[in-house]
Amino acid sequence: MPGSTASLRAYVITRVILMVPMLVLLLTFTFIILRVAPGDPVSTIYGERGNPQVIDRIKTELGLYDPLYVQFFRYLRDVFTGNMGTSILTQRPVIDEITSRMPATIELTFSSMLVASVLGIGLGTFAGTRRDRLPDFATRLYGALAYNIPIFWFGLILKLIFAVWLGWLPVSGRFSPRLSPPPTVTGLYTIDSLLAGNLPAFVDAVAHLVLPSLTLGIVLSGFFVRITRVNVIHAMGSDYVEAARARGIPERSVFFRHGLKNALVPVITTMGLTFALLFSGAILTETVFSFEGMGRFVFLAISYRDYPAIQGAVVYYGILMVVISLGIDILNAFVDPRIRY
Amino acid sequence: MSALLELEHLSVTFETPQGPVHAVQDVSLTIEGGSIVGLVGESGCGKSTLGRAILRLLPENATVAGSVRFAGRDVLALSPKEIRDLRGRNLAMIFQDPMTRLNPLMRIRDHFIETIRAHNPAVKSGQALERAKKVLADVRVPSDRLGMYPHELSGGMRQRVMIALCLLFKPALLIADEPTTALDVILEAQILQLLQSIMHEYSMSVLLITHNLGLVAEFSDRVAVMYAGRIAEEGATPPLFREPRHPYTQGLLRSVIDLETTSLYSVPGEPPSLLGETAGCPFYPRCDKRMAVCETVYPEPRLVGEDHRKVACHLY
Amino acid sequence: MTEPLLEVRDLKVYFPVFSGFVQRLLGGGDARVHAVDGVTFSIAEGEVFGLVGESGCGKSTIAKTLVGLVRATSGRLLFRGEDVTRPDPKTLFRLRERIQLIYQDAHAALSPAMTVGEAIADVLRTHGLPGPSGNRVQTKSEDAIREAVYRTFDDVGLRPPAFYYNKYPDELSGGQKQRVVAARVLALRPQLIVADEPVAMLDMSVRARMLEFLMELKAKYHLTYLFITHDLATAKFMCDRIGIMYLGRIVEMGRASTIYADPKHPYTKALLEAIPIPDPERKTKKILPRGEVPNAVWPPAGCRFHPRCPAVLASCGWEGRDVIALLEERWLSPELAEREALAGPVKEWEADGLIARRQMGKTDPGPVYDLIRRILLESGGPMAGAVRKVSIEGTVVVVEFRPPDLLVPKEAEGRVVECLLY
Amino acid sequence: MAGWFARGRTSLVGRLIGTFLGQSRTIAGILVWIGLGVVLTILVLALLAPFIAPFDPNTKVASPELPPGGAFLMGTDRGGQDVLSRIIWGSRVPLAIIAVSTTISLALGLPLGLVSGFAGGRMDRGILLVMDSIYAFPGLLLAIAIAAVIGRGILNISFAIAVVYIPTYFRVIRNHVTSVKQEPYVEAAVALGMPRRRVIGRYILPNVAQSIPVIFSVNAADAVLTEAGLAVLGLGLPPGIPDWGFDISLNWQRFDVSWWATFFPGLFILILTTALTFVGEGLNDILNPLLRKREYKAGAQA
């Protein structure tokens, strides 16, 4: 029988190797949508007003008349060398735009994930252990409302109340213009300000993060509440929980060690999918709070039909998703010894 | 010998969307120290519910009436802390399907440490493991299994581990709920032999819940036959098998197919549903000796004959 | 002798083990479950042949192979002399009219979303109505089909048929569902019925009823049964001939009366010994085989039963991993474990076919070599007799066994038995 | 009535409805009724918009940004249009999107799920990989990409949304099929010589069908939210068609001044999606009683 460490390693290798076809598939998909679907980028950008000869010349330059497979391989090469063209809007390489905006989105995503997991797992557990009683129904109602609230609208309401009316928190942006941002190390203002020992900057960065991450986190917590509740109920009804009780294990341990821990395994699995939701939500949240991250970039790119930028963003998100789902799978294998086989 | 466990007029009712289910009705049963009592019945007769009721392991939709006295203490009146203390220390239970009874995310080792610490928080993991190894040797499990996860163990090994977990505190009573039903016939015999030898070593009583009459005949000192939530007949094993009194017991014993069977017999009809109230003897519709009184009046169990046999039948 | 209805010759069915993608790339990927590993038997018309064995011995796989649910890896299946090992779709379709399966759980064998009348009508729509001379008559007439369903219901005792036609399975009792399943099978007028544990799920008090019902059907429709069970007592009552299976092989086969009267194979003996007898006055101390059924992915060498066999010989197939099992077994005793701690721990040992070895690294292999020799000697018996040599190769202590004797099924006292004792 | 439906003459739909009616008084059943009531009310609003809406939704009927009250129950927006009238007319868009996009998703996701789950093996793994890639991708971004390429219009938007939710149907159906496929009754159907198509159609489909209404309602809610998101980002329907999402995008910059013009459309999105979720959750509790297994098990052991 193979040892657990060996099998875990084999599992990780498997997953990493499997990432390659996923990535290729994803890139192919993007390629098909953006290049093969009716309408080509150049015509889309220049519209009907464009001079046919100019369009023709640009198309030749861009290699749009080459055979599809040539285009495809060139495209793959470009993606892997980080060459995603120049943004029409900012006239900067798309890859630069993305790297400069990525930290903002990472900051937002992780703080929202924190809000969502604390709220969602906490409430879900609370509901799951009080099944079919009033707290359960209240929590389920919260879950349904939170999950279904239009995120854009919810952000506006929070902003109006806490930033405009009450004035407790900043209205928009990532950082106050009156302060000078900390020197860039990671690009994450919270981390960088702490690294620089600049407490006011840290407080300011956090204050700017509160509303966007609450908006995104609460919406996402609706999803977490639901899956946590279901899985807690399921785990607490399992045979090994009954057996643990029969051995006289204190209810606290039964709950945390046998119930909750096992319930969280499927929750972790779903977390991978939650990131997809999170990124969708981030586009809208960043727009509401003028939070200069990837989402905002995508919004602007769309508004101005900035084609290379859209493509770059799609590819970037795709890669990120594949990597995250890989991370989640590996995390899961660490938690659950059965997965390694 | 004193009574270790005394059930008096124990009833369990489940509230279900279809209505109340009377899983156990008015059961009185005594287990003496150092004996194996077989609780035998067909599927759905309430025998598993009875086992769980003793440990207070029933789901929330169950209501329990009557009394359970274990070593002189009223189990149903114990505080949650007290009942928890009792479980695993004095009263232990093993279950039918060993495959699902161990936490899949925990190594075998941690199951032992957890159980020992639950009752004795001062014990260090090292000491706990020493204890675990000793008990595992008693159930003939190599100690390297401690480092494994449940899914790496075979079914027989898992059931042995479950038994070992029960033996840690030398409990006075072990409730074994169909402990071998999921296992093959050779493994079944192995596990029961093991239980039998351990029982003497640990001076422990066993309540063996099973549908297999052969197992009861082979391993139990006394036997209680359950039908439709009630005990139909109860007594010392040899006379009960030699001369069953209740028509259900008679039918059940006749319908057993063993190596000597030359002609087939089956009890007519099917077991009743336990949903809703019933009057009269539950076996009435299937009984070949039924009388008019059986339909309306439930026959209270009474002592019959010289072998302290309790039979719930109007014939006696 | 007339031609048998069914002949199974050296049937092998292996299933791939779903290991990870990389594991398969890195080797060890040919892991396969040897579910059925060279089984030969035949069934004469009108006979009840029993396959008896514990779970995982391959008996249900044989059942599935016969009706084409599982493909044979190798070997031959002959039905009335016709090769049906790898049938084309049309042959398979016809074959399934002649061989049918009865499941252990009648409830699960019926779709909960279909009335029981429809369940049978559906079969008739697919296969046509049974004609007068064993042929099939395709019909579009729903009335004719309904008529035929009614007749079938009537045949199995579901009366009045019209009452049952529109029932869903969950509205029927267990016994009625079994009759529906039987009716569905009989609607095809099969010649061979494979009954896979037909009474395992039933309560003791009603078990006999199902067996009687099966016997009635057999008489009425001149059926032949392949009766699959883990219960030796039921098999004894039902079967004319039986085959005892262990880990994918038939270890003993012959007339039921012969085998029960005088079992030859140690495994058969063990099974018979293990059955609990519902007679408290005959309590005897049983001598049981050790351990559990090994994993069918790596079945033991030689005779598969050898690691557990009480009558094992030196030539039965001792191999490397048996050394590891021996060490584990010995170290269950604390004093032995202490005394022999030097040879351990068990996980340091590696088994590879006939060889067991332990890599000693920088440690001196000498003491371990001495100790393992002593352990083998002390444990004595057939295993020690099978050791070819214990040696030190560089830093590795090696135990090597000699290859097992060839194991072939042999005729012995009116049955076929696969054991070196005979 | 429940009994009549349950006995509902072999019809699948009848059986599902029967199961539901049989439990319509449980909490789950009440949830479904509330949800259905709200959705139906909005449907009536949409159908009768010309008769109910007090004003023309696309005309300036008063001064801009009048607060709620008087003739304008929900005030007027930046263009002086009546918010209430726009909301009533605007209910048509999400409903149409639901109808079209869920139909497309179902039409593609269901057969793919059935085939993939039933066939298993390499084909299954291939389809699964494709579907998982789509599934893992941020839905809104995917819809944005598609919508950006194929342009505006109800059909186009619905198609963009449909693509995003095909994997949801696919996954649920496929997983359900792979578990149903293990059931002896499916094996029995194969052993009885049923052709493959019949096995899928008559033995598997009816037994996985209970998943469909549940995914349907969840997807419908997601579709409404995605459409609103697209509209807010300016990728929704062309101007001129009243639409809740579009109205938000039109007015949100002035949220601190005329909050009502943004608040009410958003509120209606929330009401509709929550109602759909109620239907979904309730049906899930009723039709997939996995979570209640424990209770029944206890009851069955009784």
# chains A, B, ... in the order shown; residues from 1 in each chain; ligands from 1
$ residues_around --residues "range 273-286 of chain D" --least-positions-apart "5" --cutoff "8 Å" --atoms "only C-alpha atoms" --output "number ranges by chain"
A: 144-145, 148-149; D: 19-20, 23, 27-36, 38-39, 211, 213-218, 220-222, 224-225, 291
$ select_by_dssp --residues "range 51-260 of chain D" --states "strand (DSSP E or B)" --output "JSON, numbers by chain"
{"D": [69, 72, 76, 82]}
$ interface_residues --of "chain A" --to "chain B" --cutoff "6 Å" --atoms "only C-alpha atoms" --output "PyMOL selection string"
chain A and resi 239-240+243+246-249+336
$ write_last_selection --atoms "N, CA and C atoms" --output "PDB file, in the first residue's frame"
ATOM      1  N   ASP A 239     -22.806   8.628  10.369  1.00  0.00           N
ATOM      2  CA  ASP A 239     -22.603   7.486  11.258  1.00  0.00           C
ATOM      3  C   ASP A 239     -21.442   7.706  12.219  1.00  0.00           C
ATOM      4  N   TYR A 240     -20.367   8.359  11.739  1.00  0.00           N
ATOM      5  CA  TYR A 240     -19.227   8.496  12.634  1.00  0.00           C
ATOM      6  C   TYR A 240     -19.499   9.501  13.738  1.00  0.00           C
ATOM      7  N   ALA A 243     -21.263   7.461  16.257  1.00  0.00           N
ATOM      8  CA  ALA A 243     -20.297   6.593  16.927  1.00  0.00           C
ATOM      9  C   ALA A 243     -19.449   7.388  17.910  1.00  0.00           C
ATOM     10  N   ALA A 246     -21.368   7.942  20.934  1.00  0.00           N
ATOM     11  CA  ALA A 246     -21.481   6.706  21.704  1.00  0.00           C
ATOM     12  C   ALA A 246     -20.217   6.436  22.495  1.00  0.00           C
ATOM     13  N   ARG A 247     -19.090   7.029  22.096  1.00  0.00           N
ATOM     14  CA  ARG A 247     -17.857   6.850  22.868  1.00  0.00           C
ATOM     15  C   ARG A 247     -17.728   7.881  23.967  1.00  0.00           C
ATOM     16  N   GLY A 248     -18.719   8.758  24.061  1.00  0.00           N
ATOM     17  CA  GLY A 248     -18.684   9.742  25.130  1.00  0.00           C
ATOM     18  C   GLY A 248     -17.812  10.938  24.821  1.00  0.00           C
ATOM     19  N   ILE A 249     -17.571  11.207  23.540  1.00  0.00           N
ATOM     20  CA  ILE A 249     -16.808  12.405  23.179  1.00  0.00           C
ATOM     21  C   ILE A 249     -17.677  13.621  23.502  1.00  0.00           C
ATOM     22  N   ASP A 336      -8.344  16.050   3.120  1.00  0.00           N
ATOM     23  CA  ASP A 336      -9.072  14.789   3.002  1.00  0.00           C
ATOM     24  C   ASP A 336      -8.170  13.696   2.436  1.00  0.00           C
TER      25      ASP A 336
END
$ interface_residues --of "chain C" --to "chain D" --cutoff "10 Å" --atoms "only C-alpha atoms" --output "number ranges by chain"
C: 64, 66-69, 89-90, 92-115, 118-119, 122-123, 125-127, 166-168, 181, 184-185, 188
$ write_last_selection --atoms "N, CA and C atoms" --output "short mmCIF file (atom, residue, chain, number, x, y, z; two decimals), in the first residue's frame"
data_model
loop_
_atom_site.label_atom_id
_atom_site.label_comp_id
_atom_site.auth_asym_id
_atom_site.auth_seq_id
_atom_site.Cartn_x
_atom_site.Cartn_y
_atom_site.Cartn_z
N LYS C 64 -23.21 -11.01 -14.27
CA LYS C 64 -23.29 -9.86 -15.18
C LYS C 64 -22.65 -10.17 -16.52
N LEU C 66 -22.69 -13.02 -18.01
CA LEU C 66 -23.59 -13.89 -18.77
C LEU C 66 -24.63 -13.09 -19.54
N VAL C 67 -25.11 -11.99 -18.99
CA VAL C 67 -26.12 -11.21 -19.71
C VAL C 67 -25.51 -10.02 -20.42
N GLY C 68 -24.18 -10.02 -20.57
CA GLY C 68 -23.54 -9.00 -21.38
C GLY C 68 -23.47 -7.64 -20.72
N LEU C 69 -23.62 -7.56 -19.41
CA LEU C 69 -23.46 -6.27 -18.74
C LEU C 69 -21.99 -5.96 -18.52
N PRO C 89 -24.46 -6.76 -31.23
CA PRO C 89 -25.67 -6.25 -30.59
C PRO C 89 -26.90 -7.12 -30.83
N LYS C 90 -27.00 -7.68 -32.04
CA LYS C 90 -28.19 -8.45 -32.35
C LYS C 90 -28.20 -9.76 -31.56
N LEU C 92 -26.68 -10.29 -28.80
CA LEU C 92 -26.86 -9.94 -27.40
C LEU C 92 -28.33 -9.73 -27.09
N PHE C 93 -29.01 -9.04 -28.01
CA PHE C 93 -30.44 -8.78 -27.83
C PHE C 93 -31.20 -10.10 -27.72
N ARG C 94 -30.87 -11.03 -28.61
CA ARG C 94 -31.54 -12.34 -28.58
C ARG C 94 -31.13 -13.13 -27.33
N LEU C 95 -29.86 -12.98 -26.96
CA LEU C 95 -29.36 -13.70 -25.80
C LEU C 95 -30.11 -13.26 -24.55
N ARG C 96 -30.40 -11.96 -24.48
CA ARG C 96 -31.05 -11.43 -23.29
C ARG C 96 -32.51 -11.85 -23.20
N GLU C 97 -33.05 -12.37 -24.30
CA GLU C 97 -34.38 -12.96 -24.20
C GLU C 97 -34.28 -14.35 -23.55
N ARG C 98 -33.12 -14.97 -23.68
CA ARG C 98 -33.01 -16.36 -23.21
C ARG C 98 -32.35 -16.47 -21.84
N ILE C 99 -31.47 -15.52 -21.52
CA ILE C 99 -30.88 -15.51 -20.19
C ILE C 99 -31.38 -14.26 -19.46
N GLN C 100 -31.93 -14.43 -18.30
CA GLN C 100 -32.42 -13.28 -17.56
C GLN C 100 -31.96 -13.29 -16.11
N LEU C 101 -32.01 -12.10 -15.54
CA LEU C 101 -31.44 -11.88 -14.22
C LEU C 101 -32.53 -11.56 -13.20
N ILE C 102 -32.46 -12.17 -12.02
CA ILE C 102 -33.33 -11.74 -10.91
C ILE C 102 -32.44 -11.16 -9.84
N TYR C 103 -32.79 -9.96 -9.39
CA TYR C 103 -31.92 -9.23 -8.47
C TYR C 103 -32.24 -9.53 -7.01
N GLN C 104 -31.29 -9.16 -6.17
CA GLN C 104 -31.51 -9.40 -4.75
C GLN C 104 -32.51 -8.42 -4.16
N ASP C 105 -32.58 -7.22 -4.73
CA ASP C 105 -33.46 -6.21 -4.15
C ASP C 105 -34.52 -5.84 -5.18
N ALA C 106 -35.69 -6.43 -5.03
CA ALA C 106 -36.75 -6.21 -6.01
C ALA C 106 -37.15 -4.74 -6.06
N HIS C 107 -37.10 -4.09 -4.93
CA HIS C 107 -37.50 -2.69 -4.89
C HIS C 107 -36.57 -1.85 -5.77
N ALA C 108 -35.27 -2.08 -5.63
CA ALA C 108 -34.31 -1.30 -6.39
C ALA C 108 -34.31 -1.66 -7.86
N ALA C 109 -34.83 -2.85 -8.18
CA ALA C 109 -34.79 -3.29 -9.57
C ALA C 109 -35.93 -2.72 -10.40
N LEU C 110 -36.83 -1.98 -9.74
CA LEU C 110 -37.95 -1.38 -10.47
C LEU C 110 -37.80 0.14 -10.45
N SER C 111 -37.98 0.74 -11.61
CA SER C 111 -37.87 2.19 -11.66
C SER C 111 -39.01 2.81 -10.86
N PRO C 112 -38.68 3.70 -9.91
CA PRO C 112 -39.73 4.28 -9.09
C PRO C 112 -40.66 5.18 -9.88
N ALA C 113 -40.26 5.58 -11.07
CA ALA C 113 -41.07 6.52 -11.84
C ALA C 113 -41.91 5.81 -12.90
N MET C 114 -42.08 4.52 -12.77
CA MET C 114 -42.81 3.78 -13.81
C MET C 114 -43.78 2.82 -13.14
N THR C 115 -45.00 2.75 -13.61
CA THR C 115 -45.93 1.80 -13.00
C THR C 115 -45.45 0.40 -13.32
N GLU C 118 -46.46 -0.83 -16.72
CA GLU C 118 -45.62 -0.27 -17.78
C GLU C 118 -44.27 -0.97 -17.83
N ALA C 119 -43.74 -1.30 -16.67
CA ALA C 119 -42.43 -1.93 -16.62
C ALA C 119 -42.42 -3.19 -17.46
N ASP C 122 -43.21 -2.37 -21.31
CA ASP C 122 -42.02 -1.85 -21.98
C ASP C 122 -41.16 -2.98 -22.53
N VAL C 123 -41.06 -4.04 -21.75
CA VAL C 123 -40.28 -5.19 -22.18
C VAL C 123 -40.92 -5.82 -23.42
N ARG C 125 -42.91 -4.37 -25.58
CA ARG C 125 -42.80 -3.49 -26.73
C ARG C 125 -41.42 -3.66 -27.38
N THR C 126 -40.41 -3.85 -26.56
CA THR C 126 -39.06 -3.99 -27.10
C THR C 126 -38.86 -5.35 -27.77
N HIS C 127 -39.33 -6.38 -27.09
CA HIS C 127 -39.01 -7.72 -27.58
C HIS C 127 -40.14 -8.39 -28.36
N ASN C 166 -51.56 -0.30 -12.75
CA ASN C 166 -51.22 1.11 -12.59
C ASN C 166 -50.58 1.45 -11.26
N LYS C 167 -50.07 0.46 -10.56
CA LYS C 167 -49.42 0.73 -9.29
C LYS C 167 -47.96 1.12 -9.51
N TYR C 168 -47.49 2.04 -8.67
CA TYR C 168 -46.06 2.32 -8.64
C TYR C 168 -45.40 1.38 -7.66
N VAL C 181 -41.05 -8.38 -10.46
CA VAL C 181 -39.74 -8.58 -11.09
C VAL C 181 -39.71 -9.94 -11.78
N ARG C 184 -41.65 -9.71 -14.97
CA ARG C 184 -40.94 -9.00 -16.02
C ARG C 184 -39.94 -9.93 -16.71
N VAL C 185 -39.31 -10.74 -15.91
CA VAL C 185 -38.35 -11.69 -16.46
C VAL C 185 -39.07 -12.77 -17.28
N LEU C 188 -40.35 -12.58 -21.00
CA LEU C 188 -39.44 -12.87 -22.11
C LEU C 188 -39.35 -14.36 -22.39
#
$ closest_atom_pairs --of "chain B" --to "chain D" --cutoff "10 Å" --atoms "only C-alpha atoms" --output "JSON lines"
{"residue": "B:Val12", "atom": "CA", "partner": "D:Ala302", "partner_atom": "CA", "distance": 8.8}
{"residue": "B:Thr13", "atom": "CA", "partner": "D:Ala302", "partner_atom": "CA", "distance": 8.4}
{"residue": "B:Phe14", "atom": "CA", "partner": "D:Gly299", "partner_atom": "CA", "distance": 6.5}
{"residue": "B:Glu15", "atom": "CA", "partner": "D:Gly299", "partner_atom": "CA", "distance": 8.2}
{"residue": "B:Thr16", "atom": "CA", "partner": "D:Gly299", "partner_atom": "CA", "distance": 6.9}
{"residue": "B:Pro17", "atom": "CA", "partner": "D:Thr26", "partner_atom": "CA", "distance": 9.1}
{"residue": "B:Gln18", "atom": "CA", "partner": "D:Gly299", "partner_atom": "CA", "distance": 9.7}
{"residue": "B:Pro20", "atom": "CA", "partner": "D:Gly299", "partner_atom": "CA", "distance": 9.1}
{"residue": "B:Val21", "atom": "CA", "partner": "D:Gly299", "partner_atom": "CA", "distance": 6.7}
{"residue": "B:His22", "atom": "CA", "partner": "D:Ala302", "partner_atom": "CA", "distance": 7.0}
{"residue": "B:Ala23", "atom": "CA", "partner": "D:Ala302", "partner_atom": "CA", "distance": 4.1}
{"residue": "B:Val24", "atom": "CA", "partner": "D:Ala302", "partner_atom": "CA", "distance": 7.3}
{"residue": "B:Ser43", "atom": "CA", "partner": "D:Gln301", "partner_atom": "CA", "distance": 7.3}
{"residue": "B:Gly44", "atom": "CA", "partner": "D:Gln301", "partner_atom": "CA", "distance": 4.8}
{"residue": "B:Cys45", "atom": "CA", "partner": "D:Ala302", "partner_atom": "CA", "distance": 6.3}
{"residue": "B:Gly46", "atom": "CA", "partner": "D:Ala302", "partner_atom": "CA", "distance": 4.6}
{"residue": "B:Lys47", "atom": "CA", "partner": "D:Ala302", "partner_atom": "CA", "distance": 8.0}
{"residue": "B:Ser48", "atom": "CA", "partner": "D:Gln301", "partner_atom": "CA", "distance": 6.9}
{"residue": "B:Thr49", "atom": "CA", "partner": "D:Ala302", "partner_atom": "CA", "distance": 6.4}
{"residue": "B:Leu50", "atom": "CA", "partner": "D:Ala302", "partner_atom": "CA", "distance": 9.1}
{"residue": "B:Leu58", "atom": "CA", "partner": "D:Ala298", "partner_atom": "CA", "distance": 8.3}
{"residue": "B:Pro59", "atom": "CA", "partner": "D:Ala298", "partner_atom": "CA", "distance": 7.4}
{"residue": "B:Glu60", "atom": "CA", "partner": "D:Glu295", "partner_atom": "CA", "distance": 9.1}
{"residue": "B:Asn61", "atom": "CA", "partner": "D:Glu295", "partner_atom": "CA", "distance": 7.8}
{"residue": "B:Ala62", "atom": "CA", "partner": "D:Ala298", "partner_atom": "CA", "distance": 8.9}
{"residue": "B:Ala228", "atom": "CA", "partner": "D:Ala302", "partner_atom": "CA", "distance": 8.5}
{"residue": "B:Gly229", "atom": "CA", "partner": "D:Ala302", "partner_atom": "CA", "distance": 7.4}
{"residue": "B:Ser273", "atom": "CA", "partner": "D:Ala302", "partner_atom": "CA", "distance": 9.2}
{"residue": "B:Leu274", "atom": "CA", "partner": "D:Ala302", "partner_atom": "CA", "distance": 7.1}
{"residue": "B:Leu275", "atom": "CA", "partner": "D:Gly299", "partner_atom": "CA", "distance": 9.1}
$ closest_atom_pairs --of "chain C" --to "chain B" --cutoff "6 Å" --atoms "only C-alpha atoms" --output "Markdown table"
| residue | atom | partner | partner_atom | distance |
| --- | --- | --- | --- | --- |
| C:Glu54 | CA | B:Asp184 | CA | 5.9 |
| C:Asp203 | CA | B:Glu42 | CA | 5.9 |
| C:Ser205 | CA | B:Ser266 | CA | 5.2 |
| C:Val206 | CA | B:Ser266 | CA | 5.0 |
| C:Ala208 | CA | B:Ser266 | CA | 5.3 |
| C:Arg209 | CA | B:Ser266 | CA | 5.9 |
| C:Ala233 | CA | B:Leu259 | CA | 4.8 |
| C:Ala274 | CA | B:Ile186 | CA | 5.4 |
| C:Pro276 | CA | B:Gly214 | CA | 4.6 |
| C:Ile277 | CA | B:Gly214 | CA | 4.7 |
| C:Pro278 | CA | B:Gly214 | CA | 3.9 |
| C:Asp279 | CA | B:Ala217 | CA | 5.6 |
| C:Pro280 | CA | B:Ala217 | CA | 4.6 |
| C:Lys283 | CA | B:Glu218 | CA | 5.8 |
| C:Glu328 | CA | B:Pro142 | CA | 6.0 |
| C:Leu332 | CA | B:Ala137 | CA | 5.3 |
$ decode --residues "range 322-333 of chain A" --atoms "N, CA, C and O atoms" --output "PDB file, in the first residue's frame"
ATOM      1  N   VAL A 322      -7.836  28.867 -13.237  1.00  0.00           N
ATOM      2  CA  VAL A 322      -7.255  27.527 -13.306  1.00  0.00           C
ATOM      3  C   VAL A 322      -6.294  27.321 -12.140  1.00  0.00           C
ATOM      4  O   VAL A 322      -6.304  26.293 -11.472  1.00  0.00           O
ATOM      5  N   VAL A 323      -5.482  28.358 -11.872  1.00  0.00           N
ATOM      6  CA  VAL A 323      -4.524  28.238 -10.781  1.00  0.00           C
ATOM      7  C   VAL A 323      -5.249  28.115  -9.444  1.00  0.00           C
ATOM      8  O   VAL A 323      -4.887  27.284  -8.599  1.00  0.00           O
ATOM      9  N   ILE A 324      -6.278  28.915  -9.259  1.00  0.00           N
ATOM     10  CA  ILE A 324      -7.009  28.848  -7.987  1.00  0.00           C
ATOM     11  C   ILE A 324      -7.654  27.477  -7.804  1.00  0.00           C
ATOM     12  O   ILE A 324      -7.575  26.869  -6.731  1.00  0.00           O
ATOM     13  N   SER A 325      -8.269  26.973  -8.863  1.00  0.00           N
ATOM     14  CA  SER A 325      -8.938  25.682  -8.701  1.00  0.00           C
ATOM     15  C   SER A 325      -7.903  24.598  -8.425  1.00  0.00           C
ATOM     16  O   SER A 325      -8.158  23.669  -7.656  1.00  0.00           O
ATOM     17  N   LEU A 326      -6.724  24.761  -9.000  1.00  0.00           N
ATOM     18  CA  LEU A 326      -5.645  23.822  -8.682  1.00  0.00           C
ATOM     19  C   LEU A 326      -5.294  23.919  -7.206  1.00  0.00           C
ATOM     20  O   LEU A 326      -5.184  22.907  -6.497  1.00  0.00           O
ATOM     21  N   GLY A 327      -5.144  25.154  -6.725  1.00  0.00           N
ATOM     22  CA  GLY A 327      -4.806  25.361  -5.318  1.00  0.00           C
ATOM     23  C   GLY A 327      -5.850  24.752  -4.399  1.00  0.00           C
ATOM     24  O   GLY A 327      -5.523  24.080  -3.422  1.00  0.00           O
ATOM     25  N   ILE A 328      -7.111  24.953  -4.746  1.00  0.00           N
ATOM     26  CA  ILE A 328      -8.193  24.433  -3.909  1.00  0.00           C
ATOM     27  C   ILE A 328      -8.164  22.909  -3.889  1.00  0.00           C
ATOM     28  O   ILE A 328      -8.320  22.279  -2.845  1.00  0.00           O
ATOM     29  N   ASP A 329      -7.952  22.324  -5.073  1.00  0.00           N
ATOM     30  CA  ASP A 329      -7.908  20.859  -5.139  1.00  0.00           C
ATOM     31  C   ASP A 329      -6.791  20.306  -4.273  1.00  0.00           C
ATOM     32  O   ASP A 329      -6.949  19.293  -3.587  1.00  0.00           O
ATOM     33  N   ILE A 330      -5.650  20.971  -4.322  1.00  0.00           N
ATOM     34  CA  ILE A 330      -4.516  20.480  -3.544  1.00  0.00           C
ATOM     35  C   ILE A 330      -4.785  20.675  -2.050  1.00  0.00           C
ATOM     36  O   ILE A 330      -4.541  19.784  -1.238  1.00  0.00           O
ATOM     37  N   LEU A 331      -5.363  21.818  -1.720  1.00  0.00           N
ATOM     38  CA  LEU A 331      -5.736  22.076  -0.331  1.00  0.00           C
ATOM     39  C   LEU A 331      -6.667  20.975   0.178  1.00  0.00           C
ATOM     40  O   LEU A 331      -6.521  20.442   1.270  1.00  0.00           O
ATOM     41  N   ASN A 332      -7.617  20.645  -0.687  1.00  0.00           N
ATOM     42  CA  ASN A 332      -8.576  19.602  -0.346  1.00  0.00           C
ATOM     43  C   ASN A 332      -7.896  18.257  -0.099  1.00  0.00           C
ATOM     44  O   ASN A 332      -8.254  17.525   0.809  1.00  0.00           O
ATOM     45  N   ALA A 333      -6.905  17.970  -0.930  1.00  0.00           N
ATOM     46  CA  ALA A 333      -6.213  16.692  -0.777  1.00  0.00           C
ATOM     47  C   ALA A 333      -5.437  16.660   0.535  1.00  0.00           C
ATOM     48  O   ALA A 333      -5.283  15.607   1.143  1.00  0.00           O
TER      49      ALA A 333
END
